[in-house]
file final-v7.tsv (TSV, C-alpha atoms)
chain	number	residue	atom	x	y	z
N	581	MET	CA	49.99	46.70	-47.67
N	582	SER	CA	51.35	43.26	-46.98
N	583	ASP	CA	48.93	40.33	-46.72
N	584	ARG	CA	51.39	38.25	-44.71
N	585	ILE	CA	49.76	37.04	-41.51
N	586	ALA	CA	52.05	37.42	-38.51
N	587	PRO	CA	51.45	35.01	-35.61
N	588	ALA	CA	49.32	36.26	-32.74
N	589	PRO	CA	51.65	37.51	-29.95
N	590	TYR	CA	49.25	36.70	-27.09
N	591	VAL	CA	49.32	32.93	-27.62
N	592	LEU	CA	51.24	31.09	-24.89
N	593	PRO	CA	52.27	27.44	-25.36
N	594	GLN	CA	50.55	26.04	-22.29
N	595	GLN	CA	47.24	24.26	-21.96
N	596	PHE	CA	44.46	25.44	-19.64
N	597	ALA	CA	43.59	23.35	-16.59
N	598	PRO	CA	39.82	22.68	-16.46
N	599	LEU	CA	37.78	24.14	-13.63
N	600	GLY	CA	36.89	20.60	-12.52
N	601	TRP	CA	40.48	20.00	-11.42
N	602	TYR	CA	40.18	22.89	-8.97
N	603	GLN	CA	36.73	21.96	-7.71
N	604	LYS	CA	37.91	18.40	-6.89
N	605	ARG	CA	40.55	19.94	-4.65
N	606	GLY	CA	38.11	22.25	-2.89
N	607	LEU	CA	39.34	25.37	-4.70
N	608	SER	CA	37.05	28.17	-5.86
N	609	PRO	CA	36.33	29.39	-9.41
N	610	TYR	CA	38.01	32.65	-8.37
N	611	GLN	CA	41.32	30.93	-7.78
N	612	TRP	CA	40.96	28.95	-11.01
N	613	ALA	CA	40.31	32.14	-13.05
N	614	GLU	CA	43.17	34.00	-11.41
N	615	GLU	CA	45.72	31.22	-11.89
N	616	GLN	CA	44.71	29.97	-15.34
N	617	PHE	CA	44.01	33.35	-16.94
N	618	ARG	CA	46.38	35.51	-14.89
N	619	LEU	CA	43.47	37.72	-13.90
N	620	GLU	CA	42.66	39.86	-10.94
N	621	VAL	CA	39.01	39.02	-10.26
N	622	ARG	CA	36.93	41.56	-8.37
N	623	GLY	CA	33.41	41.07	-7.04
N	624	ALA	CA	31.07	43.93	-6.18
N	625	GLY	CA	31.30	43.23	-2.45
N	626	ARG	CA	27.62	42.35	-2.08
N	627	THR	CA	26.75	39.74	0.53
N	628	ASP	CA	23.62	38.49	-1.26
N	629	PRO	CA	24.12	34.70	-1.71
N	630	MET	CA	22.31	34.79	-5.06
N	631	PHE	CA	24.63	37.51	-6.32
N	632	ALA	CA	27.66	35.49	-5.21
N	633	ALA	CA	26.27	32.47	-7.08
N	634	ARG	CA	25.86	34.53	-10.25
N	635	CYS	CA	29.47	35.72	-9.95
N	636	GLU	CA	30.66	32.12	-9.81
N	637	GLN	CA	28.36	31.30	-12.73
N	638	ALA	CA	30.12	33.98	-14.79
N	639	LEU	CA	33.52	32.53	-13.96
N	640	ARG	CA	32.37	28.97	-14.75
N	641	ALA	CA	31.33	30.18	-18.20
N	642	MET	CA	35.02	30.79	-18.95
N	643	ASP	CA	35.67	27.05	-18.76
N	644	GLY	CA	33.81	26.33	-21.99
N	645	LEU	CA	35.19	29.21	-24.08
N	646	PRO	CA	36.91	28.42	-27.40
N	647	LEU	CA	40.67	28.09	-27.10
N	648	GLN	CA	41.48	31.30	-28.98
N	649	VAL	CA	39.17	33.26	-26.71
N	650	LYS	CA	40.90	31.77	-23.66
N	651	ASP	CA	44.22	32.87	-25.12
N	652	VAL	CA	42.91	36.42	-25.62
N	653	LEU	CA	41.51	36.44	-22.09
N	654	ARG	CA	44.85	35.32	-20.66
N	655	GLY	CA	47.04	37.42	-22.92
N	656	THR	CA	45.31	40.82	-23.14
N	657	ILE	CA	43.06	41.21	-20.08
N	658	ASP	CA	44.39	41.98	-16.61
N	659	GLN	CA	41.27	42.39	-14.51
N	660	VAL	CA	37.67	41.14	-14.53
N	661	SER	CA	35.07	42.96	-12.42
N	662	LEU	CA	31.78	41.21	-11.65
N	663	GLU	CA	29.14	43.89	-11.04
N	664	PRO	CA	25.36	44.32	-10.70
N	665	ALA	CA	23.18	45.79	-13.44
N	666	THR	CA	22.99	49.14	-11.62
N	667	GLU	CA	26.65	49.77	-12.54
N	668	PHE	CA	26.00	49.57	-16.31
N	669	ARG	CA	24.22	51.57	-18.95
N	670	LEU	CA	20.79	50.23	-19.88
N	671	ASP	CA	20.89	46.81	-21.58
N	672	THR	CA	24.68	46.53	-21.33
N	673	LEU	CA	26.04	43.04	-20.65
N	674	GLY	CA	29.73	43.83	-20.50
N	675	THR	CA	32.45	46.35	-21.31
N	676	TRP	CA	36.18	46.29	-21.98
N	677	ARG	CA	38.68	49.11	-21.79
N	678	ASP	CA	42.45	49.23	-21.29
N	679	GLY	CA	42.89	45.65	-20.11
N	680	GLN	CA	39.86	45.66	-17.80
N	681	MET	CA	36.65	43.72	-18.44
N	682	ARG	CA	33.40	44.37	-16.57
N	683	LEU	CA	30.61	41.77	-16.61
N	684	ASN	CA	26.98	42.39	-15.73
N	685	VAL	CA	26.10	39.35	-13.61
N	686	ASP	CA	22.51	40.58	-13.23
N	687	TRP	CA	21.93	39.94	-16.92
N	688	ALA	CA	18.52	38.36	-16.21
N	689	GLU	CA	17.24	41.77	-15.03
N	690	LEU	CA	17.46	43.04	-18.61
N	691	ALA	CA	13.96	43.00	-20.08
N	692	PRO	CA	14.75	40.96	-23.24
N	693	LEU	CA	16.46	38.24	-21.16
N	694	SER	CA	14.29	38.10	-18.04
N	695	GLY	CA	12.16	35.22	-19.33
N	696	HIS	CA	15.17	32.90	-19.48
N	697	VAL	CA	16.39	33.23	-15.91
N	698	ALA	CA	15.58	29.61	-15.03
N	699	ASP	CA	17.39	28.10	-18.04
N	700	PRO	CA	21.01	27.31	-17.09
N	701	LEU	CA	22.04	26.53	-20.67
N	702	TYR	CA	20.70	29.86	-21.89
N	703	SER	CA	22.41	31.75	-19.08
N	704	LYS	CA	25.71	30.05	-19.91
N	705	ARG	CA	25.33	31.05	-23.56
N	706	VAL	CA	24.55	34.67	-22.66
N	707	LEU	CA	27.63	34.87	-20.46
N	708	GLN	CA	29.88	33.19	-23.02
N	709	ASP	CA	28.61	35.38	-25.85
N	710	THR	CA	29.36	38.43	-23.70
N	711	LEU	CA	32.84	37.17	-22.84
N	712	ILE	CA	33.63	36.40	-26.48
N	713	HIS	CA	32.40	39.79	-27.71
N	714	GLU	CA	34.43	41.68	-25.09
N	715	CYS	CA	37.48	39.54	-25.86
N	716	GLY	CA	36.94	40.57	-29.48
N	717	HIS	CA	37.32	44.19	-28.37
N	718	ALA	CA	40.49	43.32	-26.47
N	719	LEU	CA	41.90	41.46	-29.47
N	720	LEU	CA	41.36	44.48	-31.72
N	721	GLU	CA	41.91	47.43	-29.39
N	722	ASP	CA	44.66	46.28	-27.04
N	723	PRO	CA	48.24	46.78	-28.30
N	724	ARG	CA	49.02	43.24	-27.11
N	725	GLY	CA	46.32	41.84	-29.39
N	726	GLY	CA	48.39	42.28	-32.51
N	727	VAL	CA	45.59	42.97	-35.02
N	728	PRO	CA	46.85	45.95	-37.06
N	729	VAL	CA	44.78	48.98	-38.00
N	730	LYS	CA	44.76	47.92	-41.68
N	731	SER	CA	43.00	44.65	-40.74
N	732	PHE	CA	40.48	46.56	-38.63
N	733	VAL	CA	39.68	48.88	-41.56
N	734	HIS	CA	39.48	45.93	-43.96
N	735	LEU	CA	36.77	44.37	-41.77
N	736	LEU	CA	34.82	47.63	-41.87
N	737	ALA	CA	35.07	47.79	-45.66
N	738	ALA	CA	33.92	44.17	-45.95
N	739	SER	CA	30.99	44.93	-43.61
N	740	GLY	CA	29.56	47.68	-45.81
N	741	TRP	CA	30.61	50.91	-44.07
N	742	LEU	CA	30.38	53.70	-46.68
N	743	PRO	CA	30.73	57.50	-46.86
N	744	ASP	CA	28.35	60.00	-48.43
N	745	PRO	CA	28.71	59.40	-52.19
N	746	ALA	CA	28.44	63.14	-52.89
N	747	LEU	CA	31.49	63.77	-50.67
N	748	ASP	CA	33.56	60.68	-51.54
N	749	PRO	CA	32.46	58.86	-54.71
N	750	THR	CA	35.47	56.48	-54.87
N	751	PRO	CA	33.90	53.59	-52.84
N	752	PHE	CA	30.89	53.57	-55.18
N	753	ARG	CA	32.75	52.99	-58.43
N	754	SER	CA	32.95	49.32	-59.43
N	755	ALA	CA	36.67	49.57	-60.25
N	756	THR	CA	37.50	50.59	-56.66
N	757	SER	CA	34.90	48.64	-54.70
N	758	SER	CA	36.79	45.52	-53.56
N	759	PRO	CA	37.48	45.31	-49.80
N	760	GLU	CA	41.22	45.54	-50.53
N	761	LEU	CA	40.94	48.74	-52.57
N	762	LEU	CA	38.42	50.24	-50.16
N	763	THR	CA	40.82	49.50	-47.29
N	764	SER	CA	43.68	51.32	-49.07
N	765	HIS	CA	41.40	54.27	-49.79
N	766	TYR	CA	40.06	54.54	-46.25
N	767	LEU	CA	43.55	54.24	-44.75
N	768	LYS	CA	44.84	57.02	-47.01
N	769	ARG	CA	42.02	59.31	-45.91
N	770	LEU	CA	42.44	58.29	-42.27
N	771	ARG	CA	46.12	59.24	-42.31
N	772	GLU	CA	45.19	62.59	-43.88
N	773	ILE	CA	43.07	63.25	-40.80
N	774	ASP	CA	45.78	62.12	-38.39
N	775	PRO	CA	49.15	60.87	-39.72
N	776	ARG	CA	49.77	59.06	-36.43
N	777	TRP	CA	47.49	56.23	-37.57
N	778	ASP	CA	49.96	53.50	-38.54
N	779	PRO	CA	48.31	50.79	-40.69
N	780	ASP	CA	50.78	48.17	-39.44
N	781	GLN	CA	50.32	48.89	-35.71
N	782	PRO	CA	47.40	47.80	-33.51
N	783	LEU	CA	45.10	50.33	-31.89
N	784	GLY	CA	46.62	51.62	-28.68
N	785	ALA	CA	50.22	51.09	-29.80
N	786	PRO	CA	52.75	53.71	-28.60
N	787	GLY	CA	52.79	56.75	-30.84
N	788	THR	CA	49.28	56.16	-32.22
N	789	PRO	CA	46.09	58.03	-31.23
N	790	PRO	CA	43.96	56.55	-28.42
N	791	PRO	CA	41.54	53.83	-29.58
N	792	LEU	CA	38.54	56.01	-28.65
N	793	GLN	CA	39.57	58.43	-31.41
N	794	PHE	CA	39.13	55.70	-34.03
N	795	ASP	CA	35.33	55.97	-33.95
N	796	PHE	CA	35.49	59.77	-34.19
N	797	ASP	CA	37.87	59.77	-37.17
N	798	LEU	CA	35.92	57.19	-39.16
N	799	MET	CA	32.22	57.55	-38.33
N	800	HIS	CA	29.68	59.97	-39.65
N	801	ALA	CA	28.23	60.45	-36.18
N	802	VAL	CA	29.22	58.92	-32.86
N	803	PRO	CA	26.37	58.71	-30.30
N	804	PRO	CA	27.27	61.31	-27.64
N	805	GLU	CA	25.97	59.11	-24.83
N	806	VAL	CA	28.53	56.48	-25.87
N	807	LEU	CA	31.52	58.71	-26.56
N	808	PRO	CA	31.01	62.33	-25.40
N	809	LEU	CA	32.18	64.61	-28.21
N	810	VAL	CA	34.84	66.91	-26.75
N	811	ARG	CA	35.56	68.78	-29.97
N	812	GLN	CA	34.53	68.59	-33.59
N	813	ARG	CA	36.94	66.66	-35.82
N	814	GLU	CA	37.25	65.99	-39.49
N	815	THR	CA	35.96	62.49	-40.27
N	816	LEU	CA	35.68	59.97	-43.11
N	817	GLY	CA	31.93	60.07	-42.48
N	818	LEU	CA	31.42	56.29	-42.73
N	819	ARG	CA	28.02	54.86	-41.88
N	820	PRO	CA	26.38	51.45	-42.23
N	821	ALA	CA	24.81	50.72	-45.60
N	822	ALA	CA	21.27	50.67	-44.13
N	823	ARG	CA	21.64	54.16	-42.67
N	824	LEU	CA	23.19	55.46	-45.86
N	825	ALA	CA	20.22	54.06	-47.80
N	826	GLN	CA	17.87	55.99	-45.48
N	827	GLN	CA	19.83	59.19	-46.10
N	828	LEU	CA	19.74	58.67	-49.87
N	829	LEU	CA	16.01	57.98	-49.78
N	830	ALA	CA	15.47	61.25	-47.90
N	831	SER	CA	17.51	63.08	-50.55
N	832	ALA	CA	15.47	61.44	-53.30
N	833	VAL	CA	12.21	62.54	-51.66
N	834	VAL	CA	13.26	66.20	-51.61
N	835	GLY	CA	14.60	65.92	-55.16
N	836	THR	CA	18.31	66.56	-54.58
N	837	LEU	CA	19.75	63.06	-55.01
N	838	SER	CA	20.08	63.02	-58.81
N	839	HIS	CA	21.81	66.41	-58.84
N	840	ASP	CA	24.20	65.41	-56.03
N	841	LEU	CA	25.21	62.19	-57.79
N	842	ALA	CA	25.55	63.82	-61.22
N	843	ARG	CA	27.93	66.37	-59.72
N	844	VAL	CA	30.42	63.56	-58.88
N	845	ASN	CA	29.64	61.54	-62.03
N	846	LEU	CA	27.82	58.71	-60.25
N	847	SER	CA	24.64	56.95	-61.30
N	848	LEU	CA	21.91	55.81	-58.95
N	849	GLU	CA	22.54	52.22	-60.10
N	850	GLU	CA	26.20	52.43	-59.00
N	851	VAL	CA	25.22	53.73	-55.58
N	852	GLN	CA	22.54	51.08	-55.10
N	853	ALA	CA	25.02	48.33	-56.06
N	854	ALA	CA	27.52	49.62	-53.49
N	855	VAL	CA	24.89	49.81	-50.74
N	856	TYR	CA	23.93	46.16	-51.21
N	857	ARG	CA	27.39	44.80	-52.06
N	858	TYR	CA	28.64	44.09	-48.51
N	859	ARG	CA	26.39	43.59	-45.53
N	860	PRO	CA	27.13	43.79	-41.79
N	861	PRO	CA	27.15	40.48	-39.87
N	862	HIS	CA	24.66	41.70	-37.27
N	863	LEU	CA	22.61	44.82	-36.55
N	864	TYR	CA	24.61	45.39	-33.35
N	865	GLY	CA	27.68	45.80	-35.55
N	866	GLU	CA	26.08	48.92	-37.03
N	867	GLU	CA	26.04	50.86	-33.78
N	868	LEU	CA	29.70	51.84	-33.66
N	869	ILE	CA	32.76	51.29	-35.84
N	870	SER	CA	34.44	49.51	-32.92
N	871	GLU	CA	31.52	47.08	-32.48
N	872	THR	CA	31.68	45.64	-36.00
N	873	PRO	CA	34.88	43.51	-35.71
N	874	ALA	CA	34.06	42.49	-32.12
N	875	GLU	CA	30.70	41.18	-33.31
N	876	LEU	CA	32.39	39.38	-36.22
N	877	PHE	CA	34.68	37.69	-33.69
N	878	ARG	CA	31.68	36.59	-31.61
N	879	ILE	CA	29.78	35.20	-34.61
N	880	LEU	CA	32.81	33.29	-35.87
N	881	HIS	CA	33.15	31.53	-32.52
N	882	CYS	CA	29.47	31.05	-31.70
N	883	GLY	CA	28.30	29.66	-35.03
N	884	GLN	CA	27.23	31.41	-38.20
N	885	PRO	CA	23.54	31.84	-39.07
N	886	LEU	CA	22.62	30.27	-42.40
N	887	THR	CA	21.77	33.73	-43.72
N	888	LEU	CA	25.45	34.68	-43.47
N	889	THR	CA	26.76	31.81	-45.60
N	890	GLY	CA	29.35	33.22	-47.98
N	891	SER	CA	29.49	36.56	-46.16
N	892	THR	CA	32.42	38.68	-47.29
N	893	ALA	CA	32.75	40.11	-43.79
N	894	LEU	CA	32.92	36.69	-42.12
N	895	GLU	CA	35.44	35.41	-44.66
N	896	ALA	CA	37.62	38.43	-43.93
N	897	GLY	CA	37.11	38.00	-40.19
N	898	ASP	CA	38.16	34.36	-40.31
N	899	ARG	CA	41.36	35.30	-42.15
N	900	LEU	CA	42.29	38.42	-40.19
N	901	LEU	CA	41.03	37.63	-36.67
N	902	ILE	CA	41.48	33.87	-36.39
N	903	GLY	CA	44.20	33.37	-39.01
N	904	PRO	CA	47.05	34.86	-36.92
N	905	TRP	CA	46.09	32.60	-34.00
N	906	ARG	CA	46.20	29.52	-36.26
N	907	VAL	CA	49.66	30.57	-37.48
N	908	ALA	CA	50.86	30.89	-33.88
N	909	GLU	CA	49.42	27.47	-32.99
N	910	LEU	CA	51.37	25.88	-35.86
N	911	GLU	CA	54.58	27.66	-34.91
N	912	PHE	CA	54.36	26.67	-31.24
N	913	GLY	CA	53.43	23.06	-31.91
N	914	PRO	CA	51.85	20.92	-29.15
N	915	ARG	CA	51.11	22.84	-25.97
N	916	GLU	CA	52.74	22.07	-22.67
N	917	PRO	CA	50.50	20.29	-20.12
N	918	ALA	CA	48.55	22.51	-17.72
N	919	ARG	CA	49.91	22.79	-14.21
N	920	MET	CA	48.10	20.69	-11.60
N	921	PRO	CA	46.50	22.92	-8.94
N	922	MET	CA	47.56	22.49	-5.34
N	923	ARG	CA	45.00	21.07	-2.88
N	924	ALA	CA	43.37	23.63	-0.61
N	925	ARG	CA	44.63	23.56	2.99
N	926	GLY	CA	41.94	22.28	5.32
N	927	THR	CA	38.66	24.03	4.77
N	928	ALA	CA	40.16	27.48	4.25
N	929	GLU	CA	38.37	29.54	1.61
N	930	LEU	CA	39.68	32.27	-0.62
N	931	THR	CA	38.68	35.60	0.89
N	932	ARG	CA	38.33	38.85	-0.94
call {"tool": "encode", "arguments": {"input": "final-v7.tsv", "output": "structure tokens"}}
result
Amino acid sequence: MSDRIAPAPYVLPQQFAPLGWYQKRGLSPYQWAEEQFRLEVRGAGRTDPMFAARCEQALRAMDGLPLQVKDVLRGTIDQVSLEPATEFRLDTLGTWRDGQMRLNVDWAELAPLSGHVADPLYSKRVLQDTLIHECGHALLEDPRGGVPVKSFVHLLAASGWLPDPALDPTPFRSATSSPELLTSHYLKRLREIDPRWDPDQPLGAPGTPPPLQFDFDLMHAVPPEVLPLVRQRETLGLRPAARLAQQLLASAVVGTLSHDLARVNLSLEEVQAAVYRYRPPHLYGEELISETPAELFRILHCGQPLTLTGSTALEAGDRLLIGPWRVAELEFGPREPARMPMRARGTAELTR
């Protein structure tokens, strides 16, 4: 595998006009989002003034996004739908799939967030965190994003995803435990399951399996309510280190762990070292394979907790997720000025 970082293909050499330029000319946040990010923006069609205000609040949150996130939003997402909480699974703030992002603008109705409804700074942070996380999905799962499969798998290895040691002892041996060697090992096994997985192509590229298959081929168990299992498939059986530790503890309780490890010439000390070697950046990143890099992307842009200082996963994320964008910025040089928006005619409003 080559470590050369290719420039991000979604970066365009033009600055973004701030929302304030549009508001001074009597233009709506909808028009600003559509023109600056090349988006089709859809509301839910509700006439409730409060709902309309929350929709505009979600669009205003885009104005303060980091520059790379704005580039991802402009370069990989075609449509943004602003919808009420009733259109989402429980406690879901947003989704992304195939160039379409959906945002839950009733986020304050979620029980953990309901106490912050009157805090505008908190609401802005919630919306921006959601936008950044979903843009992380687009960056990694859209063929226009340009992050290859090998980088995706490297981030999983650096975040502590491991198989059952009795079925695949390689990741637990110290000589083969670096993220680079784990990545090569996982990619080899992944291509044995489906040779269409091309390490140098992004998820969703022509000729590769659909991105939804990625979770199935890598994970030990995919929650059926998230991705309904159509048919059983062979899998690498990866799981987060914390869940693997629970499984190993259960095996130790019934007395089978020592025998299982001895059969593949592993010691308990080697397995324990592997379990604690690399840690996930956030508990949410343990839910699905596809959530881990998206959560890394969010943490890198929203500020790292002190507990993650020196994290192998975040170091890899900075190099593989943000590095290509930095390369593109250097190659393009200074960006062209943003286009000045035209003044609205009379008092006409954008209708939808």
call {"tool": "residues_around", "arguments": {"input": "final-v7.tsv", "residues": "N:Ala588", "least_positions_apart": "5", "cutoff": "7 Å", "atoms": "only C-alpha atoms", "output": "PyMOL selection string"}}
result
chain N and resi 726+904-905+908
call {"tool": "atom_distance", "arguments": {"input": "final-v7.tsv", "atom1": "atom CA of N:Leu683", "atom2": "atom CA of N:Phe794"}}
result
23.9 Å
call {"tool": "residues_around", "arguments": {"input": "final-v7.tsv", "residues": "stretch 850-853 of chain N", "least_positions_apart": "5", "cutoff": "9 Å", "atoms": "all atoms listed in the file", "output": "PyMOL selection string"}}
result
chain N and resi 745+749+752-754+825+841
call {"tool": "residues_around", "arguments": {"input": "final-v7.tsv", "residues": "N:Gly913", "least_positions_apart": "5", "cutoff": "12 Å", "atoms": "all atoms listed in the file", "output": "list in words"}}
result
Val591, Leu592, Pro593, Gln594, Gln595, Arg906, Val907 and Ala908 of chain N
call {"tool": "closest_residue", "arguments": {"input": "final-v7.tsv", "among": "N:Thr763, N:Gly817, N:Ala874, N:Ala597", "to": "N:Thr675", "atoms": "all atoms listed in the file"}}
result
N:Ala874
call {"tool": "residues_around", "arguments": {"input": "final-v7.tsv", "residues": "N:Leu783", "least_positions_apart": "6", "cutoff": "6 Å", "atoms": "only C-alpha atoms", "output": "ChimeraX atom specification"}}
result
/N:721,723,791
call {"tool": "atom_distance", "arguments": {"input": "final-v7.tsv", "atom1": "atom CA of N:Arg682", "atom2": "atom CA of N:Lys704"}}
result
16.6 Å
call {"tool": "residues_around", "arguments": {"input": "final-v7.tsv", "residues": "N:Asn684", "least_positions_apart": "5", "cutoff": "10 Å", "atoms": "only C-alpha atoms", "output": "PDB file with C-alpha atoms, in the coordinates of the input"}}
result
ATOM      1  CA  ARG N 634      25.860  34.530 -10.250  1.00  0.00           C
ATOM      2  CA  CYS N 635      29.470  35.720  -9.950  1.00  0.00           C
ATOM      3  CA  ALA N 638      30.120  33.980 -14.790  1.00  0.00           C
ATOM      4  CA  SER N 661      35.070  42.960 -12.420  1.00  0.00           C
ATOM      5  CA  LEU N 662      31.780  41.210 -11.650  1.00  0.00           C
ATOM      6  CA  GLU N 663      29.140  43.890 -11.040  1.00  0.00           C
ATOM      7  CA  PRO N 664      25.360  44.320 -10.700  1.00  0.00           C
ATOM      8  CA  ALA N 665      23.180  45.790 -13.440  1.00  0.00           C
ATOM      9  CA  THR N 666      22.990  49.140 -11.620  1.00  0.00           C
ATOM     10  CA  GLU N 667      26.650  49.770 -12.540  1.00  0.00           C
ATOM     11  CA  PHE N 668      26.000  49.570 -16.310  1.00  0.00           C
ATOM     12  CA  ASP N 671      20.890  46.810 -21.580  1.00  0.00           C
ATOM     13  CA  THR N 672      24.680  46.530 -21.330  1.00  0.00           C
ATOM     14  CA  LEU N 673      26.040  43.040 -20.650  1.00  0.00           C
ATOM     15  CA  GLY N 674      29.730  43.830 -20.500  1.00  0.00           C
ATOM     16  CA  THR N 675      32.450  46.350 -21.310  1.00  0.00           C
ATOM     17  CA  GLU N 689      17.240  41.770 -15.030  1.00  0.00           C
ATOM     18  CA  LEU N 690      17.460  43.040 -18.610  1.00  0.00           C
ATOM     19  CA  LEU N 707      27.630  34.870 -20.460  1.00  0.00           C
ATOM     20  CA  THR N 710      29.360  38.430 -23.700  1.00  0.00           C
TER      21      THR N 710
END
call {"tool": "atom_distance", "arguments": {"input": "final-v7.tsv", "atom1": "atom CA of N:Glu849", "atom2": "atom CA of N:Leu761"}}
result
20.2 Å
call {"tool": "closest_residue", "arguments": {"input": "final-v7.tsv", "among": "N:Lys768, N:Arg776, N:Arg618, N:His713", "to": "N:Ile657", "atoms": "only C-alpha atoms"}}
result
N:Arg618
call {"tool": "closest_residue", "arguments": {"input": "final-v7.tsv", "among": "N:Gln611, N:Ser758, N:Gln616, N:Ser870", "to": "N:Leu792", "atoms": "only C-alpha atoms"}}
result
N:Ser870
call {"tool": "closest_residue", "arguments": {"input": "final-v7.tsv", "among": "N:Leu798, N:Ala918, N:Ile773, N:Ile869", "to": "N:Phe617", "atoms": "only C-alpha atoms"}}
result
N:Ala918
call {"tool": "closest_residue", "arguments": {"input": "final-v7.tsv", "among": "N:Ala830, N:Ala896, N:Leu846, N:Met630", "to": "N:Ser731", "atoms": "only C-alpha atoms"}}
result
N:Ala896
call {"tool": "closest_residue", "arguments": {"input": "final-v7.tsv", "among": "N:Glu866, N:Asp744, N:Glu916, N:Glu760", "to": "N:Ser831", "atoms": "all atoms listed in the file"}}
result
N:Asp744
call {"tool": "residues_near_point", "arguments": {"input": "final-v7.tsv", "point": "(43.7, 54.6, -40.9)", "cutoff": "8 Å", "atoms": "all atoms listed in the file", "output": "PyMOL selection string"}}
result
chain N and resi 729-730+733+766-771+777-779
call {"tool": "decode", "arguments": {"input": "final-v7.tsv", "residues": "stretch 778-803 of chain N", "atoms": "C-alpha atoms", "output": "PDB file, in the first residue's frame"}}
result
ATOM      1  CA  ASP N 778     -10.408  -2.232  -4.030  1.00  0.00           C
ATOM      2  CA  PRO N 779      -8.117  -0.764  -1.324  1.00  0.00           C
ATOM      3  CA  ASP N 780      -7.289   2.239  -3.525  1.00  0.00           C
ATOM      4  CA  GLN N 781     -10.906   3.162  -4.360  1.00  0.00           C
ATOM      5  CA  PRO N 782     -13.393   4.971  -2.099  1.00  0.00           C
ATOM      6  CA  LEU N 783     -16.563   3.282  -0.923  1.00  0.00           C
ATOM      7  CA  GLY N 784     -19.257   3.549  -3.565  1.00  0.00           C
ATOM      8  CA  ALA N 785     -16.818   3.707  -6.487  1.00  0.00           C
ATOM      9  CA  PRO N 786     -17.957   1.960  -9.697  1.00  0.00           C
ATOM     10  CA  GLY N 787     -17.213  -1.746  -9.623  1.00  0.00           C
ATOM     11  CA  THR N 788     -17.056  -1.953  -5.818  1.00  0.00           C
ATOM     12  CA  PRO N 789     -19.758  -3.345  -3.490  1.00  0.00           C
ATOM     13  CA  PRO N 790     -22.326  -0.894  -2.083  1.00  0.00           C
ATOM     14  CA  PRO N 791     -21.150   0.963   1.044  1.00  0.00           C
ATOM     15  CA  LEU N 792     -23.850  -0.730   3.159  1.00  0.00           C
ATOM     16  CA  GLN N 793     -22.072  -4.062   2.576  1.00  0.00           C
ATOM     17  CA  PHE N 794     -18.951  -2.732   4.300  1.00  0.00           C
ATOM     18  CA  ASP N 795     -20.466  -3.098   7.777  1.00  0.00           C
ATOM     19  CA  PHE N 796     -21.671  -6.624   6.981  1.00  0.00           C
ATOM     20  CA  ASP N 797     -18.299  -7.803   5.670  1.00  0.00           C
ATOM     21  CA  LEU N 798     -16.298  -6.403   8.581  1.00  0.00           C
ATOM     22  CA  MET N 799     -18.457  -6.532  11.714  1.00  0.00           C
ATOM     23  CA  HIS N 800     -19.173  -9.392  14.038  1.00  0.00           C
ATOM     24  CA  ALA N 801     -22.825  -8.395  14.246  1.00  0.00           C
ATOM     25  CA  VAL N 802     -24.713  -5.552  12.593  1.00  0.00           C
ATOM     26  CA  PRO N 803     -27.818  -4.382  14.519  1.00  0.00           C
TER      27      PRO N 803
END
